[in-house]
Structures are given as structure tokens and as C-alpha cells.
Amino acid sequence: MTIDVIFNPEASERVLSGIRTVARAASVTFGSSGPSVVIQHRTDGIPPIITRDGVTVANSIQFEDRVADLGARMLRDVAGSVSREVGDGTTTAIVLAQTLAIESIKSVAAGFHPLQIKQGLEGALAIVEAQLQSMAIIHSGLDWLESLAMVATKQEQAASRLLAKAHQELDGKGELSFELGNSREDELEIVDGLRYEQGYLSPYFVTDKDRAEAVLDNPYILLYDREIGDLMDLIPILEQVREQERSLLIIAENVIDKALTGLLLNHVRGVFRAVAVKPPGFGDRRRDRLNDLAVLTGGQAILEDGLLTLDTIDLSHLGQARRVIINELTTTIIGATGDPEQIEPLIARLTREADLVRARRPGEGSPTGNLHELEELEERINALSGKNGIFKVGGSTDFEIKERMVRIENAYKSIQAAMAEGVIPGCGIGLYRCIEALREPVANDARQHAVRIMQEALRAPTRQLLINSGINPETVFAVIDSDRDLDIAFDTIQNRFGNCLDIGVVDSVKVVRLALRNAVSVITTLITAETVLMHVPDLSIMAGYSPEWAAATREDPRE
């Protein structure tokens, strides 16, 4: 394949053009006053996507110039990484990365060595992260949680109140899932359920591509402690499940070879909906976990030393649940239908066993063994007594519901991040305050210049937020510089200054910190690249091809 070689400065200019375009499109959504972006759906006839989420905008932009698209991809990766970790802060990451990229590339073009700039930015990053953590404010309570959610939901008080309630009732441990509602109002329901760390065996099981999740409503649950290698072993029970017009969650030691292939083919084609995952726990402990799941879901575990086999079971041996959500890493079972009269005695028995382990004196068993045994018992107790929530997002139209759903889900992740590391004044002012920590001079000229680049980047989020709100940034900067109160923030909705907690304008330390760290990581990699190598695609195979010709002849020249 032919390789196209692009050298600097042309490579940097084309990459930077992609960064500028994506950042300009995404940054308009920044803040409570940020407007929406309308994205045409890739399929004709399907309504467009309306969003106020920066990462959604960034992911929708691709360039014909593949070098410019490299720059766009860098921003997509920055925003996507922050979104996966903490849900919120994607647009903050994009704004920071744009400023760092523009200023760093200009500096390298002016003669500064890229490695010195890289080291200077990384040193400045360490100082800023330490300063952010020293400024962190940590509280708890419904009002506190609601203030955190208000920022990410763009001032939706009713939704923020429900998110705060969900976090408090789930104690930050239970899973909160989001789904499209059937009314104008948001609804929250807390149900019994559990989540454990095993994901689907194949990404082809995914039913919701936007979230990369496999969702089963009202499924039966098969619990099996061995490998399944032949689809024919499953046919009898699959036929029974299909007759009930329901889906099946298969929790087994493994599903391999023809069995997995057959499940995937039938799942993708819609013949029946079945998803396979592994059980929780490891080794001998998996049998205990399968028995716990059987009690929780009202089913029966099919164990190797038991009398039941796959070809002799019927629906009465299967567990049931209201909903199951499986992603790449976890399985969440919501609304399991087990009998509380069986669950409660099991929890009581495990609690007594855990108390006995805690009461062991030194010398009774190894300390490590006792610790592992206690942790296993506590995990089983938490799984059996855990709760999960379902948040039904309301709205007047599908457009509104889908746009709100992204923001509300991000807001909940933001709450979780804020509870982990605390908050700082919002509107980007927490980052702006960190400029003072970078006043100490650096001996190396290039590194000192890198510190100035970081200082300029720390101003960028506040500047963009104020521009989106129609407010002169310099006026706000002047007030902040003259006020030594580190907790002061600016409310762009009410156009007022005040204590960040009193006016409810806060940013999560973890969100801001990760946004800055990811931006620095990507941009420092970019500036140290001198040459871009691109594969030149062979388009001759498509010569003479048109969609109309293909439709008329039922042929495709690519095959």
C-alpha cells in the first residue's frame, strides 16, 4: 500500500485545523447557557440528534482531509476518556486541549524544543493537580448533592433533586440505570438488585449501541457451573423461553465454540434474545455465588454434582428479574424475583459467619486467609442486600428526552466524582485560581514558556463559559483578581458573584483534574511528532461504481 509522508510544518497546520474546527463546534455547548447543536443522523429518514454534550458533538465530526481528522480524533479521544471515567467535563477537556495545542504548536514553530515544552507542561500539571486537591471542599447531604447535579444538568432543579435522592438512597454503591420515560416528568424507582464485575462474552450481544450495553427486559436467568460448547444442549430451554416471548440471560462458566456462535447468530437475527456472561467469584467460590444468585432470582443453580442437566430443566428452574443490563465490564440485575423469606435467612447466616471470622484471635488461621474470607462474605452480603435504581427521563418529545438523558446521566457520574475528591468553585474559576501557584519562575526558558502556556489554558474554560453567556470575560477576571476569597464563584444565569456553595456553582475536582491531565497527555504527544505517515487508499476498485448502478444490478464491485 502506498504511504503518504507529511512533514512539519504542514502536518502540524493540518492537524491543528481539525482541532480548531472540532473545538469550535463543541465549545458552544459549554456551560448552563451553552446552546444546542443539531447533528444530522447518518441514516436518511431518521430524525437528527439535538445535543448539548461536547463529546457527542466531537464524535460526530469527521474530515475528508485525513490529517486534519487526526487532530479531530485527538480531541475525540480526550473527551471520550474523560466521559468514560467521570461522565462530565468533556467540553472542559476539549477547551483545554485546544488552547494547549494552539499555544504549544506556535511555540515549537518559534524555535522552542518540543521535549522541553512537554516536560514544562507535565511539571506545571503536577503543580496544578496538587493545588486543586488542596482547594477541595467536601460535604454531604441532599442540598449538597443537588447543587452538584444542578451544574451538569444545566440548572434542572427537579432532575437534580431526584439524582441527589438516588445517590443518597443507593449510598453511592448501587447502580442507577437510565431509560426513556413515558411521561413529561422524570421518575425515580429504587429496586432490589445487584451488580458484579463480569461483562458480556461478545460485543455482538450489544442491544444499545450508543451505550455499548446489552439490555434484557423481564428475562429468565439460567445458572450453570460448567462450560457450554454445543448449542443443541440449550435448544430445549431456549424453545421454552421463546414460547413465552421473553429473553434469556445465561450465567455459565463459559460459552464456547459452536454454542457461542449459534447464540450470537440467533441473537443478531432476532430469532431469540439471549446474552451470555460468566458468574461472579472465582474458583470454588463461584458455586456459592451461583447459589446466592439462585436464591436472589428465585431459580435453581445447575451444578455438576446435582441431578439436573441442561436437557432436563424447564422454566421453573430458571430465575427471573425485571431488567438486566450488561456492558463490557459489569452485569447488573435489577428487580430480581427471589423470595424475601429465603433471602433474609441467607443474609443472616452469612452475617453470623462474618462475625465469627472477625472474632478470630491471632493465630486462628492466617491473617491473609481470614481477610480474604471476610471480604468474600461481605461481598456476598452486599450482593444479596443491595439496591439499584431506575431513572426514567421524561420530556415532551423524543428529541427532548434523548438530549436530556445524556445530560442527566452525566450529572449522576459527576456527583459520584465529586463525592470522591470534593469540589472547587465552578465556572472554571477553580482552574483560574491555580494560575497563582505557577508564579514561581523556572530556570529553563523553554519550560518557563510551557508554564505560560499552562496559565493561558487555565483561563480558557472561564473565558469560553462567559462568552457563551454573553458576558465580557475581562470584567469577571478583574473582580476575581481583586477578591482574595478562594471560594468565590460566578453565576452566569443570575449574573452575580458569591460563595460557590451558597450560589450552587461548583466543579468536581476529579472531573477538572482528569480533563486537564488528559488534555496535557494528548497534546504533549502531538507536539513531539515531526512527521505523519498516512496510507493512501486504493480507490480504483470503486471505479464506475454508483449506488444507483448497484441497486439496479444487485452487484457490488467490492465483493
# chains A, B, ... in the order shown; residues from 1 in each chain; ligands from 1
call {"tool": "closest_atom_pairs", "arguments": {"of": "stretch 90-199 of chain A", "to": "stretch 514-538 of chain A", "cutoff": "6 Å", "atoms": "only C-alpha atoms", "output": "Markdown table"}}
result
| residue | atom | partner | partner_atom | distance |
| --- | --- | --- | --- | --- |
| A:Ala93 | CA | A:Ala515 | CA | 4.4 |
| A:Ala97 | CA | A:Ala519 | CA | 4.7 |
| A:Ala101 | CA | A:Ile523 | CA | 5.7 |
| A:Pro114 | CA | A:Thr528 | CA | 5.5 |
| A:Lys118 | CA | A:Thr524 | CA | 5.2 |
call {"tool": "write_last_selection", "arguments": {"atoms": "N, CA, C and O atoms", "output": "mmCIF file, in the first residue's frame"}}
result
data_model
loop_
_atom_site.group_PDB
_atom_site.id
_atom_site.type_symbol
_atom_site.label_atom_id
_atom_site.label_comp_id
_atom_site.auth_asym_id
_atom_site.auth_seq_id
_atom_site.Cartn_x
_atom_site.Cartn_y
_atom_site.Cartn_z
ATOM 1 N N ALA A 93 -12.458 19.487 28.801
ATOM 2 C CA ALA A 93 -11.257 18.846 28.257
ATOM 3 C C ALA A 93 -10.970 19.339 26.842
ATOM 4 O O ALA A 93 -9.804 19.565 26.479
ATOM 5 N N ALA A 97 -7.658 21.361 25.768
ATOM 6 C CA ALA A 97 -6.782 20.761 24.761
ATOM 7 C C ALA A 97 -6.572 21.705 23.579
ATOM 8 O O ALA A 97 -5.470 21.781 23.025
ATOM 9 N N ALA A 101 -2.943 23.015 22.515
ATOM 10 C CA ALA A 101 -2.449 22.659 21.185
ATOM 11 C C ALA A 101 -2.019 23.898 20.405
ATOM 12 O O ALA A 101 -0.925 23.927 19.813
ATOM 13 N N PRO A 114 10.425 20.784 21.450
ATOM 14 C CA PRO A 114 9.162 20.157 21.899
ATOM 15 C C PRO A 114 9.296 19.340 23.178
ATOM 16 O O PRO A 114 8.371 19.310 23.991
ATOM 17 N N LYS A 118 7.166 19.819 26.514
ATOM 18 C CA LYS A 118 6.460 18.668 27.108
ATOM 19 C C LYS A 118 6.786 18.546 28.595
ATOM 20 O O LYS A 118 5.888 18.406 29.435
#
call {"tool": "select_by_dssp", "arguments": {"residues": "stretch 194-443 of chain A", "states": "alpha helix (DSSP H)", "output": "MDAnalysis selection string"}}
result
chainID A and resid 235:243 257:269 285:297 340:358 367:385 398:421 429:433
call {"tool": "closest_residue", "arguments": {"among": "A:Val324, A:Ile488, A:Val78, A:Val22", "to": "A:Glu213", "atoms": "only C-alpha atoms"}}
result
A:Val324
call {"tool": "select_by_dssp", "arguments": {"residues": "stretch 88-192 of chain A", "states": "strand (DSSP E or B)", "output": "ChimeraX atom specification"}}
result
/A:137,176-180,187-192
call {"tool": "closest_atom_pairs", "arguments": {"of": "stretch 331-426 of chain A", "to": "stretch 154-168 of chain A", "cutoff": "12 Å", "atoms": "only C-alpha atoms", "output": "CSV"}}
result
residue,atom,partner,partner_atom,distance
A:Lys387,CA,A:Ala166,CA,10.4
A:Asn388,CA,A:Ala166,CA,9.0
A:Gly389,CA,A:Ala166,CA,6.9
A:Ile390,CA,A:Ala166,CA,9.0
A:Phe391,CA,A:Leu163,CA,8.4
A:Lys392,CA,A:Ala159,CA,10.3
A:Val393,CA,A:Ala159,CA,8.6
A:Gly394,CA,A:Ala159,CA,9.6
A:Gly395,CA,A:Ala159,CA,11.5
A:Glu403,CA,A:Lys154,CA,11.9
A:Arg404,CA,A:Ala159,CA,9.7
A:Met405,CA,A:Ala159,CA,10.4
A:Val406,CA,A:Lys154,CA,11.6
A:Arg407,CA,A:Lys154,CA,8.0
A:Ile408,CA,A:Ala159,CA,7.3
A:Glu409,CA,A:Leu163,CA,9.1
A:Asn410,CA,A:Leu163,CA,10.7
A:Ala411,CA,A:Leu163,CA,8.0
A:Tyr412,CA,A:Leu163,CA,6.3
A:Lys413,CA,A:Leu163,CA,10.0
A:Ser414,CA,A:Leu163,CA,10.6
A:Ile415,CA,A:His167,CA,8.0
A:Gln416,CA,A:His167,CA,8.0
A:Ala417,CA,A:His167,CA,11.7
A:Ala418,CA,A:His167,CA,11.8
A:Met419,CA,A:His167,CA,10.1
call {"tool": "residues_around", "arguments": {"residues": "A:Glu10", "least_positions_apart": "4", "cutoff": "12 Å", "atoms": "only C-alpha atoms", "output": "PDB file with N, CA, C and O atoms, in the first residue's frame"}}
result
ATOM      1  N   VAL A   5       3.799  10.738   3.013  1.00  0.00           N
ATOM      2  CA  VAL A   5       4.619  11.258   4.102  1.00  0.00           C
ATOM      3  C   VAL A   5       4.430  12.766   4.175  1.00  0.00           C
ATOM      4  O   VAL A   5       4.685  13.487   3.201  1.00  0.00           O
ATOM      5  N   ILE A   6       3.965  13.270   5.335  1.00  0.00           N
ATOM      6  CA  ILE A   6       3.730  14.710   5.521  1.00  0.00           C
ATOM      7  C   ILE A   6       4.629  15.188   6.645  1.00  0.00           C
ATOM      8  O   ILE A   6       4.593  14.661   7.765  1.00  0.00           O
ATOM      9  N   ARG A  14      -2.216  21.159   9.442  1.00  0.00           N
ATOM     10  CA  ARG A  14      -3.420  20.413   9.076  1.00  0.00           C
ATOM     11  C   ARG A  14      -4.056  19.734  10.295  1.00  0.00           C
ATOM     12  O   ARG A  14      -5.283  19.697  10.429  1.00  0.00           O
ATOM     13  N   VAL A  15      -3.226  19.210  11.194  1.00  0.00           N
ATOM     14  CA  VAL A  15      -3.752  18.629  12.430  1.00  0.00           C
ATOM     15  C   VAL A  15      -4.447  19.700  13.268  1.00  0.00           C
ATOM     16  O   VAL A  15      -5.542  19.490  13.805  1.00  0.00           O
ATOM     17  N   LEU A  16      -3.808  20.879  13.336  1.00  0.00           N
ATOM     18  CA  LEU A  16      -4.366  21.965  14.135  1.00  0.00           C
ATOM     19  C   LEU A  16      -5.691  22.457  13.558  1.00  0.00           C
ATOM     20  O   LEU A  16      -6.591  22.854  14.313  1.00  0.00           O
ATOM     21  N   SER A  17      -5.839  22.420  12.237  1.00  0.00           N
ATOM     22  CA  SER A  17      -7.111  22.858  11.645  1.00  0.00           C
ATOM     23  C   SER A  17      -8.252  21.944  12.086  1.00  0.00           C
ATOM     24  O   SER A  17      -9.371  22.410  12.334  1.00  0.00           O
ATOM     25  N   VAL A  67      -5.465  13.967   7.552  1.00  0.00           N
ATOM     26  CA  VAL A  67      -4.512  14.537   8.503  1.00  0.00           C
ATOM     27  C   VAL A  67      -5.249  15.455   9.476  1.00  0.00           C
ATOM     28  O   VAL A  67      -5.008  15.426  10.691  1.00  0.00           O
ATOM     29  N   ALA A  68      -6.167  16.268   8.969  1.00  0.00           N
ATOM     30  CA  ALA A  68      -6.991  17.100   9.853  1.00  0.00           C
ATOM     31  C   ALA A  68      -7.826  16.223  10.782  1.00  0.00           C
ATOM     32  O   ALA A  68      -8.050  16.559  11.951  1.00  0.00           O
ATOM     33  N   ILE A 105       1.981  24.379  19.626  1.00  0.00           N
ATOM     34  CA  ILE A 105       2.443  24.288  18.235  1.00  0.00           C
ATOM     35  C   ILE A 105       3.070  25.609  17.802  1.00  0.00           C
ATOM     36  O   ILE A 105       4.097  25.624  17.101  1.00  0.00           O
ATOM     37  N   ALA A 109       7.005  26.048  16.639  1.00  0.00           N
ATOM     38  CA  ALA A 109       7.318  26.725  15.374  1.00  0.00           C
ATOM     39  C   ALA A 109       8.245  27.916  15.596  1.00  0.00           C
ATOM     40  O   ALA A 109       9.041  28.271  14.712  1.00  0.00           O
ATOM     41  N   GLU A 530       7.043  14.771  14.550  1.00  0.00           N
ATOM     42  CA  GLU A 530       7.600  15.604  13.490  1.00  0.00           C
ATOM     43  C   GLU A 530       7.033  15.254  12.129  1.00  0.00           C
ATOM     44  O   GLU A 530       6.952  16.102  11.237  1.00  0.00           O
ATOM     45  N   THR A 531       6.591  14.005  11.951  1.00  0.00           N
ATOM     46  CA  THR A 531       6.155  13.531  10.636  1.00  0.00           C
ATOM     47  C   THR A 531       4.883  12.706  10.787  1.00  0.00           C
ATOM     48  O   THR A 531       4.701  12.006  11.780  1.00  0.00           O
ATOM     49  N   VAL A 532       4.015  12.803   9.783  1.00  0.00           N
ATOM     50  CA  VAL A 532       2.791  12.000   9.749  1.00  0.00           C
ATOM     51  C   VAL A 532       2.864  11.071   8.538  1.00  0.00           C
ATOM     52  O   VAL A 532       3.132  11.522   7.415  1.00  0.00           O
TER      53      VAL A 532
END
call {"tool": "closest_residue", "arguments": {"among": "A:Gly426, A:Leu231, A:Leu356, A:Ala446", "to": "A:Leu121", "atoms": "only C-alpha atoms"}}
result
A:Ala446
call {"tool": "closest_residue", "arguments": {"among": "A:Gln342, A:Gln244, A:Thr2, A:Ser27", "to": "A:Pro461", "atoms": "only C-alpha atoms"}}
result
A:Ser27
call {"tool": "residues_around", "arguments": {"residues": "A:Leu486", "least_positions_apart": "6", "cutoff": "12 Å", "atoms": "only C-alpha atoms", "output": "ChimeraX atom specification"}}
result
/A:131-132,134-137,424-426,429-434,436,480,498-501
call {"tool": "atom_distance", "arguments": {"atom1": "atom CA of A:Thr331", "atom2": "atom CA of A:Gly283"}}
result
18.8 Å
call {"tool": "atom_distance", "arguments": {"atom1": "atom CA of A:Phe7", "atom2": "atom CA of A:Ser107"}}
result
17.1 Å
call {"tool": "closest_residue", "arguments": {"among": "A:Ala478, A:Glu364, A:Ile221, A:Glu13", "to": "A:Lys106", "atoms": "only C-alpha atoms"}}
result
A:Glu13
call {"tool": "residues_around", "arguments": {"residues": "A:Ala294", "least_positions_apart": "2", "cutoff": "10 Å", "atoms": "only C-alpha atoms", "output": "compact mmCIF listing (two decimals) with N, CA and C atoms, in the first residue's frame"}}
result
# COMPACT_ATOMS: atom_id res chain seq x y z
N ILE A 221 -33.37 -16.35 33.82
CA ILE A 221 -31.94 -16.42 34.13
C ILE A 221 -31.54 -17.87 34.36
N LEU A 222 -30.62 -18.35 33.53
CA LEU A 222 -30.09 -19.72 33.64
C LEU A 222 -28.76 -19.66 34.39
N LEU A 223 -28.63 -20.48 35.44
CA LEU A 223 -27.42 -20.53 36.27
C LEU A 223 -26.77 -21.89 36.11
N ASP A 288 -20.76 -20.96 45.40
CA ASP A 288 -21.51 -20.20 46.41
C ASP A 288 -22.23 -19.01 45.77
N ARG A 289 -21.53 -18.33 44.86
CA ARG A 289 -22.14 -17.17 44.21
C ARG A 289 -23.33 -17.59 43.34
N LEU A 290 -23.20 -18.71 42.65
CA LEU A 290 -24.32 -19.20 41.83
C LEU A 290 -25.52 -19.55 42.71
N ASN A 291 -25.26 -20.17 43.85
CA ASN A 291 -26.36 -20.48 44.77
C ASN A 291 -27.00 -19.21 45.33
N ASP A 292 -26.17 -18.18 45.60
CA ASP A 292 -26.72 -16.89 46.04
C ASP A 292 -27.61 -16.28 44.97
N LEU A 296 -31.55 -15.28 45.08
CA LEU A 296 -31.94 -13.91 44.79
C LEU A 296 -32.94 -13.81 43.64
N THR A 297 -32.78 -14.66 42.63
CA THR A 297 -33.63 -14.57 41.43
C THR A 297 -34.78 -15.57 41.44
N GLY A 298 -34.86 -16.42 42.47
CA GLY A 298 -35.94 -17.39 42.53
C GLY A 298 -35.75 -18.57 41.61
N GLY A 299 -34.52 -18.89 41.25
CA GLY A 299 -34.25 -20.03 40.37
C GLY A 299 -33.49 -21.12 41.10
N GLN A 300 -32.84 -21.97 40.32
CA GLN A 300 -32.06 -23.07 40.87
C GLN A 300 -30.77 -23.20 40.10
N ALA A 301 -29.64 -23.25 40.80
CA ALA A 301 -28.34 -23.40 40.16
C ALA A 301 -28.16 -24.84 39.69
N ILE A 302 -27.72 -25.02 38.45
CA ILE A 302 -27.49 -26.35 37.89
C ILE A 302 -26.01 -26.66 38.08
N HIS A 317 -37.04 -23.93 36.77
CA HIS A 317 -35.69 -23.95 37.33
C HIS A 317 -34.92 -22.65 37.05
N LEU A 318 -35.51 -21.76 36.28
CA LEU A 318 -34.84 -20.52 35.91
C LEU A 318 -35.21 -19.39 36.86
N GLY A 319 -34.24 -18.52 37.12
CA GLY A 319 -34.52 -17.31 37.86
C GLY A 319 -35.16 -16.27 36.97
N GLN A 320 -35.63 -15.17 37.58
CA GLN A 320 -36.25 -14.10 36.81
C GLN A 320 -35.86 -12.75 37.40
N ALA A 336 -34.76 -8.51 40.94
CA ALA A 336 -34.80 -9.97 40.97
C ALA A 336 -36.03 -10.43 41.76
N GLY A 338 -36.62 -13.16 43.66
CA GLY A 338 -36.45 -14.15 44.72
C GLY A 338 -37.36 -13.90 45.91
N ILE A 343 -34.19 -15.10 51.20
CA ILE A 343 -33.03 -14.20 51.12
C ILE A 343 -32.59 -13.74 52.50
call {"tool": "closest_residue", "arguments": {"among": "A:Pro367, A:Ile435, A:His139, A:Ile401", "to": "A:Glu456", "atoms": "only C-alpha atoms"}}
result
A:Ile435
call {"tool": "closest_residue", "arguments": {"among": "A:Ala354, A:Ile334, A:Ala321, A:Leu260", "to": "A:His372", "atoms": "only C-alpha atoms"}}
result
A:Ala354
call {"tool": "decode", "arguments": {"residues": "stretch 190-204 of chain A", "atoms": "N, CA, C and O atoms", "output": "tab-separated table (two decimals), in the first residue's frame"}}
result
chain	number	residue	atom	x	y	z
A	190	ILE	N	-36.40	2.93	43.09
A	190	ILE	CA	-35.33	2.16	43.73
A	190	ILE	C	-35.82	0.74	43.92
A	190	ILE	O	-36.88	0.51	44.53
A	191	VAL	N	-35.07	-0.22	43.40
A	191	VAL	CA	-35.48	-1.63	43.47
A	191	VAL	C	-34.31	-2.46	43.97
A	191	VAL	O	-33.15	-2.04	43.93
A	192	ASP	N	-34.63	-3.66	44.45
A	192	ASP	CA	-33.58	-4.59	44.87
A	192	ASP	C	-32.82	-5.09	43.64
A	192	ASP	O	-33.40	-5.32	42.58
A	193	GLY	N	-31.53	-5.31	43.79
A	193	GLY	CA	-30.73	-5.80	42.67
A	193	GLY	C	-29.27	-5.87	43.05
A	193	GLY	O	-28.87	-5.56	44.16
A	194	LEU	N	-28.46	-6.32	42.10
A	194	LEU	CA	-27.03	-6.43	42.36
A	194	LEU	C	-26.25	-6.16	41.07
A	194	LEU	O	-26.79	-6.25	39.96
A	195	ARG	N	-24.98	-5.86	41.26
A	195	ARG	CA	-24.07	-5.67	40.14
A	195	ARG	C	-22.77	-6.39	40.46
A	195	ARG	O	-22.27	-6.31	41.59
A	196	TYR	N	-22.22	-7.11	39.48
A	196	TYR	CA	-20.93	-7.76	39.69
A	196	TYR	C	-20.05	-7.58	38.45
A	196	TYR	O	-20.54	-7.25	37.36
A	197	GLU	N	-18.76	-7.80	38.62
A	197	GLU	CA	-17.78	-7.44	37.58
A	197	GLU	C	-17.52	-8.61	36.64
A	197	GLU	O	-16.51	-9.30	36.74
A	198	GLN	N	-18.46	-8.83	35.75
A	198	GLN	CA	-18.29	-9.73	34.60
A	198	GLN	C	-19.17	-9.17	33.48
A	198	GLN	O	-20.35	-8.92	33.70
A	199	GLY	N	-18.58	-8.96	32.29
A	199	GLY	CA	-19.34	-8.40	31.18
A	199	GLY	C	-19.74	-9.45	30.17
A	199	GLY	O	-19.48	-10.66	30.36
A	200	TYR	N	-20.37	-9.02	29.08
A	200	TYR	CA	-20.81	-9.97	28.05
A	200	TYR	C	-19.60	-10.67	27.42
A	200	TYR	O	-18.50	-10.14	27.35
A	201	LEU	N	-19.85	-11.89	26.93
A	201	LEU	CA	-18.77	-12.68	26.34
A	201	LEU	C	-18.41	-12.23	24.94
A	201	LEU	O	-17.35	-12.59	24.42
A	202	SER	N	-19.28	-11.45	24.30
A	202	SER	CA	-19.00	-10.93	22.96
A	202	SER	C	-19.71	-9.59	22.78
A	202	SER	O	-20.86	-9.43	23.21
A	203	PRO	N	-19.05	-8.62	22.15
A	203	PRO	CA	-19.71	-7.32	21.91
A	203	PRO	C	-20.89	-7.43	20.96
A	203	PRO	O	-21.70	-6.50	20.86
A	204	TYR	N	-21.02	-8.55	20.24
A	204	TYR	CA	-22.16	-8.72	19.34
A	204	TYR	C	-23.47	-8.93	20.11
A	204	TYR	O	-24.55	-8.92	19.51
